[in-house]
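Presented below is the structure to which this report refers.
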Amino acid sequence: MNDSVDFAFLDSGTGGIPYMLSLHEKLPAATCVYLGDTEHFPYGEKSGEQVTECASEAIQKIIDLWNPKAIVVACNTISVTALDSLRARFSSLPIIGTVPAIKVAAGVTRNKKIGLLATTATVNHPYCKKLVEEFASECQVFNRADPKLIEFVEKNYFNATEEERLGAVKEAADFFKKNDCDTVILGCTHFTHIAEEMRKACGSGITVVDSRDGVSNQAIRKIHEENENSTSTVKKSSIKNLTFFVTKADEKEISEYKTLCENVKIPWGGVIYS
């Protein structure tokens, strides 16, 4: 018997933590661990080949360390770029992806003008355009790639003042207000950290949505299927539930990650070196 966790979460940094917490809220008995592949942050500015290779290395590391029953790729860029390749490479392991909540946005918009805030790779990817065609063909979608805001969330957000946080999202909020959007999709998991700031900056006339509920619900369905079909017995991992690890960090970054963990009440696991 091997140690095992139920779910391992993967992102290039801290973006997927709200997704892990959403799943934990719905299924508290599940054991989860999180790896931020900070050595390769940001994924959103890499080529498709680079994204696939970095994500593959990270998943192999996760399997070797924690033997998860399922992996949640809590990153839109990895999901739209590499999910098929990752599922083919790790075919025995359920991999749940995260894609922009375009279907959700199309269902709530009133004026059919939707904003998508994401990485450069996500807004330009054919898969994202396919989602728009499939679920929001009657809507105008205003794309905004914002690597600067992603950098702020990963490097500065957790020690920033409320004024600094609102200042960081202002340019994006102004872009969507200028284009008369009544719904904005947070299409990068990093932006779930700034959801409340986006709501304040956008104002009450704009609905801000993300894919946390959909991803956590799908992950729970998958794990239930796996438990029903499995006849093997595994021992639960000794890792504390919801522990957050990264692949690279200097002293300043470690201090910021510890602050984040304290704020959201999850254990800091440290740096996993190659």
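By convention here, the chains of the structure tokens are called A, B, ... in the order presented, each chain's residues are numbered starting at 1, and ligands are numbered starting at 1 in the order presented.
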Report the residues of range 67-186 of chain A whose backbone DSSP state falls under strand (DSSP E or B), written as a ChimeraX atom specification. /A:70-73,95-96,113-118,140-145,183-186
Could you write those residues out with C-alpha atoms, as an mmCIF file, in the first residue's frame?
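This went into again_28.cif:
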```cif
data_model
loop_
_atom_site.group_PDB
_atom_site.id
_atom_site.type_symbol
_atom_site.label_atom_id
_atom_site.label_comp_id
_atom_site.auth_asym_id
_atom_site.auth_seq_id
_atom_site.Cartn_x
_atom_site.Cartn_y
_atom_site.Cartn_z
ATOM 1 C CA ALA A 70 -6.923 12.730 -9.188
ATOM 2 C CA ILE A 71 -5.225 15.930 -10.300
ATOM 3 C CA VAL A 72 -6.976 19.271 -10.637
ATOM 4 C CA VAL A 73 -5.193 21.497 -13.133
ATOM 5 C CA ILE A 95 -7.115 15.013 -14.667
ATOM 6 C CA ILE A 96 -9.718 17.744 -14.186
ATOM 7 C CA LYS A 113 -21.452 42.044 -23.747
ATOM 8 C CA ILE A 114 -18.978 39.886 -21.846
ATOM 9 C CA GLY A 115 -15.446 40.670 -20.709
ATOM 10 C CA LEU A 116 -12.755 37.996 -20.462
ATOM 11 C CA LEU A 117 -9.762 38.733 -18.226
ATOM 12 C CA ALA A 118 -7.067 36.082 -18.687
ATOM 13 C CA GLN A 140 -19.700 40.188 -27.922
ATOM 14 C CA VAL A 141 -16.643 39.079 -25.957
ATOM 15 C CA PHE A 142 -14.043 41.698 -25.077
ATOM 16 C CA ASN A 143 -10.712 40.011 -24.329
ATOM 17 C CA ARG A 144 -8.103 41.475 -22.034
ATOM 18 C CA ALA A 145 -4.788 39.704 -21.495
ATOM 19 C CA THR A 183 -20.420 40.427 -17.065
ATOM 20 C CA VAL A 184 -16.701 39.790 -16.552
ATOM 21 C CA ILE A 185 -15.058 36.361 -16.526
ATOM 22 C CA LEU A 186 -11.998 35.838 -14.365
#
```
Report as a PDB file with N, CA, C and O atoms, in the first residue's frame all protein, DNA and RNA residues lying within 12 Å of Lys26 in chain A, evaluated on only C-alpha atoms, omitting residues in the same chain fewer than 5 positions from it.
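Dumped everything to around_29.pdb:
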```
ATOM      1  N   TYR A  19      -9.599  27.570  -5.616  1.00  0.00           N
ATOM      2  CA  TYR A  19     -10.266  26.392  -6.165  1.00  0.00           C
ATOM      3  C   TYR A  19     -10.147  25.218  -5.195  1.00  0.00           C
ATOM      4  O   TYR A  19     -11.111  24.461  -4.995  1.00  0.00           O
ATOM      5  N   MET A  20      -8.978  25.041  -4.615  1.00  0.00           N
ATOM      6  CA  MET A  20      -8.806  23.989  -3.614  1.00  0.00           C
ATOM      7  C   MET A  20      -9.710  24.233  -2.414  1.00  0.00           C
ATOM      8  O   MET A  20     -10.342  23.301  -1.893  1.00  0.00           O
ATOM      9  N   LEU A  21      -9.804  25.472  -1.969  1.00  0.00           N
ATOM     10  CA  LEU A  21     -10.643  25.783  -0.814  1.00  0.00           C
ATOM     11  C   LEU A  21     -12.119  25.587  -1.135  1.00  0.00           C
ATOM     12  O   LEU A  21     -12.902  25.178  -0.264  1.00  0.00           O
ATOM     13  N   ARG A 212     -14.856  28.316 -10.306  1.00  0.00           N
ATOM     14  CA  ARG A 212     -14.581  27.533  -9.103  1.00  0.00           C
ATOM     15  C   ARG A 212     -15.630  26.453  -8.846  1.00  0.00           C
ATOM     16  O   ARG A 212     -15.300  25.292  -8.585  1.00  0.00           O
ATOM     17  N   ASP A 213     -16.898  26.822  -8.901  1.00  0.00           N
ATOM     18  CA  ASP A 213     -17.952  25.851  -8.601  1.00  0.00           C
ATOM     19  C   ASP A 213     -17.948  24.699  -9.592  1.00  0.00           C
ATOM     20  O   ASP A 213     -18.046  23.532  -9.206  1.00  0.00           O
ATOM     21  N   GLY A 214     -17.836  25.027 -10.871  1.00  0.00           N
ATOM     22  CA  GLY A 214     -17.856  23.990 -11.886  1.00  0.00           C
ATOM     23  C   GLY A 214     -16.701  23.020 -11.749  1.00  0.00           C
ATOM     24  O   GLY A 214     -16.865  21.801 -11.889  1.00  0.00           O
ATOM     25  N   VAL A 215     -15.516  23.543 -11.469  1.00  0.00           N
ATOM     26  CA  VAL A 215     -14.326  22.696 -11.346  1.00  0.00           C
ATOM     27  C   VAL A 215     -14.425  21.805 -10.108  1.00  0.00           C
ATOM     28  O   VAL A 215     -14.157  20.595 -10.173  1.00  0.00           O
ATOM     29  N   SER A 216     -14.809  22.373  -8.983  1.00  0.00           N
ATOM     30  CA  SER A 216     -14.892  21.562  -7.770  1.00  0.00           C
ATOM     31  C   SER A 216     -15.978  20.499  -7.890  1.00  0.00           C
ATOM     32  O   SER A 216     -15.786  19.350  -7.449  1.00  0.00           O
ATOM     33  N   ASN A 217     -17.103  20.837  -8.513  1.00  0.00           N
ATOM     34  CA  ASN A 217     -18.171  19.847  -8.696  1.00  0.00           C
ATOM     35  C   ASN A 217     -17.711  18.702  -9.589  1.00  0.00           C
ATOM     36  O   ASN A 217     -17.991  17.525  -9.319  1.00  0.00           O
ATOM     37  N   GLN A 218     -16.997  19.028 -10.674  1.00  0.00           N
ATOM     38  CA  GLN A 218     -16.492  17.992 -11.565  1.00  0.00           C
ATOM     39  C   GLN A 218     -15.456  17.115 -10.870  1.00  0.00           C
ATOM     40  O   GLN A 218     -15.439  15.888 -11.041  1.00  0.00           O
ATOM     41  N   ALA A 219     -14.589  17.723 -10.080  1.00  0.00           N
ATOM     42  CA  ALA A 219     -13.580  16.958  -9.351  1.00  0.00           C
ATOM     43  C   ALA A 219     -14.230  15.987  -8.374  1.00  0.00           C
ATOM     44  O   ALA A 219     -13.803  14.827  -8.247  1.00  0.00           O
ATOM     45  N   ILE A 220     -15.266  16.434  -7.692  1.00  0.00           N
ATOM     46  CA  ILE A 220     -15.969  15.565  -6.744  1.00  0.00           C
ATOM     47  C   ILE A 220     -16.650  14.416  -7.475  1.00  0.00           C
ATOM     48  O   ILE A 220     -16.612  13.257  -7.019  1.00  0.00           O
ATOM     49  N   ARG A 221     -17.262  14.694  -8.627  1.00  0.00           N
ATOM     50  CA  ARG A 221     -17.869  13.615  -9.417  1.00  0.00           C
ATOM     51  C   ARG A 221     -16.816  12.573  -9.807  1.00  0.00           C
ATOM     52  O   ARG A 221     -17.044  11.364  -9.717  1.00  0.00           O
TER      53      ARG A 221
END
```
Using only C-alpha atoms, can you tell me which of A:Ile63, A:Gly187, A:Arg199, A:Cys139 comes closest to Val169 in chain A?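 Among the listed residues, the smallest separation from Val169 in chain A belongs to A:Arg199.
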Go through A:Glu171, A:Glu49, A:Glu39, A:Glu196 and flag the residue nearest Lys148 in chain A, using only C-alpha atoms for the distances.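 The answer is A:Glu171, which sits nearest to Lys148 in chain A.
Proximity of A:Thr247, A:His224, A:Tyr34, A:Ser22 to Glu57 in chain A, computed with only C-alpha atoms, is greatest for A:Thr247.
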Nearest to Tyr257 in chain A among A:Lys155, A:Lys200, A:Lys240, A:His40, with distances taken over only C-alpha atoms: which residue is it? A:Lys155
As JSON, numbers by chain, please: all residues of range 81-240 of chain A that backbone DSSP puts in helix (DSSP H, G or I). {"A": [81, 82, 83, 84, 85, 86, 87, 88, 89, 102, 103, 104, 105, 106, 107, 108, 120, 121, 122, 123, 124, 126, 127, 128, 129, 130, 131, 132, 133, 134, 135, 147, 148, 149, 150, 151, 152, 153, 154, 155, 157, 158, 159, 162, 163, 164, 165, 166, 167, 168, 169, 170, 171, 172, 173, 174, 175, 176, 177, 178, 189, 190, 191, 192, 193, 194, 195, 196, 197, 198, 199, 200, 201, 202, 212, 213, 214, 215, 216, 217, 218, 219, 220, 221, 222, 223, 224, 225, 226, 227, 228, 229]}
Taking into account only C-alpha atoms, which residue in the set A:Leu83, A:Phe158, A:Thr120, A:Ile102 is nearest to Val132 in chain A?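 Using only C-alpha atoms, the shortest distance to Val132 in chain A belongs to A:Ile102.
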Identify which of the residues A:Pro126, A:Pro42, A:Gly205, A:Gly107 lies closest to Asp11 in chain A, counting only C-alpha atoms when measuring atom-to-atom distances.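 Smallest separation from Asp11 in chain A among the options: A:Pro42.
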Find the spatial neighbours of Ser85 in chain A, counting only C-alpha atoms, within a cut-off of 12 Å - ignore same-chain residues fewer than 5 positions away - and output them as an mmCIF file with N, CA and C atoms, in the first residue's frame.
```
data_model
loop_
_atom_site.group_PDB
_atom_site.id
_atom_site.type_symbol
_atom_site.label_atom_id
_atom_site.label_comp_id
_atom_site.auth_asym_id
_atom_site.auth_seq_id
_atom_site.Cartn_x
_atom_site.Cartn_y
_atom_site.Cartn_z
ATOM 1 N N GLY A 48 3.009 26.894 -26.448
ATOM 2 C CA GLY A 48 2.252 25.694 -26.134
ATOM 3 C C GLY A 48 3.144 24.527 -25.762
ATOM 4 N N GLU A 49 4.265 24.391 -26.470
ATOM 5 C CA GLU A 49 5.199 23.302 -26.174
ATOM 6 C C GLU A 49 5.807 23.458 -24.787
ATOM 7 N N VAL A 51 4.487 25.086 -22.205
ATOM 8 C CA VAL A 51 3.439 24.843 -21.213
ATOM 9 C C VAL A 51 3.256 23.349 -20.998
ATOM 10 N N THR A 52 3.175 22.592 -22.090
ATOM 11 C CA THR A 52 2.968 21.147 -21.999
ATOM 12 C C THR A 52 4.118 20.470 -21.266
ATOM 13 N N GLU A 53 5.344 20.854 -21.587
ATOM 14 C CA GLU A 53 6.504 20.221 -20.965
ATOM 15 C C GLU A 53 6.602 20.557 -19.480
ATOM 16 N N ALA A 55 4.180 21.515 -17.448
ATOM 17 C CA ALA A 55 3.074 20.882 -16.720
ATOM 18 C C ALA A 55 3.302 19.385 -16.567
ATOM 19 N N SER A 56 3.860 18.745 -17.592
ATOM 20 C CA SER A 56 4.145 17.307 -17.517
ATOM 21 C C SER A 56 5.163 17.016 -16.423
ATOM 22 N N ILE A 78 -2.851 26.103 -18.784
ATOM 23 C CA ILE A 78 -2.497 24.698 -18.958
ATOM 24 C C ILE A 78 -3.667 23.931 -19.556
ATOM 25 N N SER A 79 -4.865 24.206 -19.069
ATOM 26 C CA SER A 79 -6.031 23.433 -19.489
ATOM 27 C C SER A 79 -6.366 23.628 -20.961
ATOM 28 N N VAL A 80 -6.384 24.883 -21.422
ATOM 29 C CA VAL A 80 -6.754 25.097 -22.822
ATOM 30 C C VAL A 80 -5.627 24.700 -23.760
ATOM 31 N N PHE A 90 -0.683 10.740 -18.996
ATOM 32 C CA PHE A 90 -0.974 10.177 -17.673
ATOM 33 C C PHE A 90 -2.369 9.555 -17.706
ATOM 34 N N SER A 91 -2.531 8.578 -18.570
ATOM 35 C CA SER A 91 -3.859 8.064 -18.906
ATOM 36 C C SER A 91 -4.536 7.322 -17.758
ATOM 37 N N ILE A 95 -7.618 13.644 -14.701
ATOM 38 C CA ILE A 95 -7.115 15.013 -14.667
ATOM 39 C C ILE A 95 -8.277 15.945 -14.982
#
```
One decimal, Å: what's the distance from CA of Leu149 in chain A over to CA of Thr109 in chain A, could you say? 24.4 Å
Shell of 7 Å around Cys188 in chain A, only C-alpha atoms, local chain residues under 6 positions omitted, as a ChimeraX atom specification: /A:75-76,118-119
Any chance you can output those residues with N, CA, C and O atoms as a compact mmCIF listing (two decimals), in the first residue's frame?
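Listing of selection_11.txt after writing:
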```
# COMPACT_ATOMS: atom_id res chain seq x y z
N CYS A 75 -5.52 25.81 -13.57
CA CYS A 75 -4.87 26.82 -14.41
C CYS A 75 -5.53 26.79 -15.78
O CYS A 75 -5.54 25.74 -16.45
N ASN A 76 -6.11 27.91 -16.18
CA ASN A 76 -6.77 27.98 -17.49
C ASN A 76 -5.79 27.79 -18.63
O ASN A 76 -6.08 27.13 -19.63
N ALA A 118 -7.82 37.34 -18.72
CA ALA A 118 -7.07 36.08 -18.69
C ALA A 118 -5.61 36.32 -19.06
O ALA A 118 -5.15 37.46 -19.13
N THR A 119 -4.89 35.22 -19.30
CA THR A 119 -3.51 35.32 -19.75
C THR A 119 -3.48 35.52 -21.26
O THR A 119 -4.47 35.30 -21.97
```
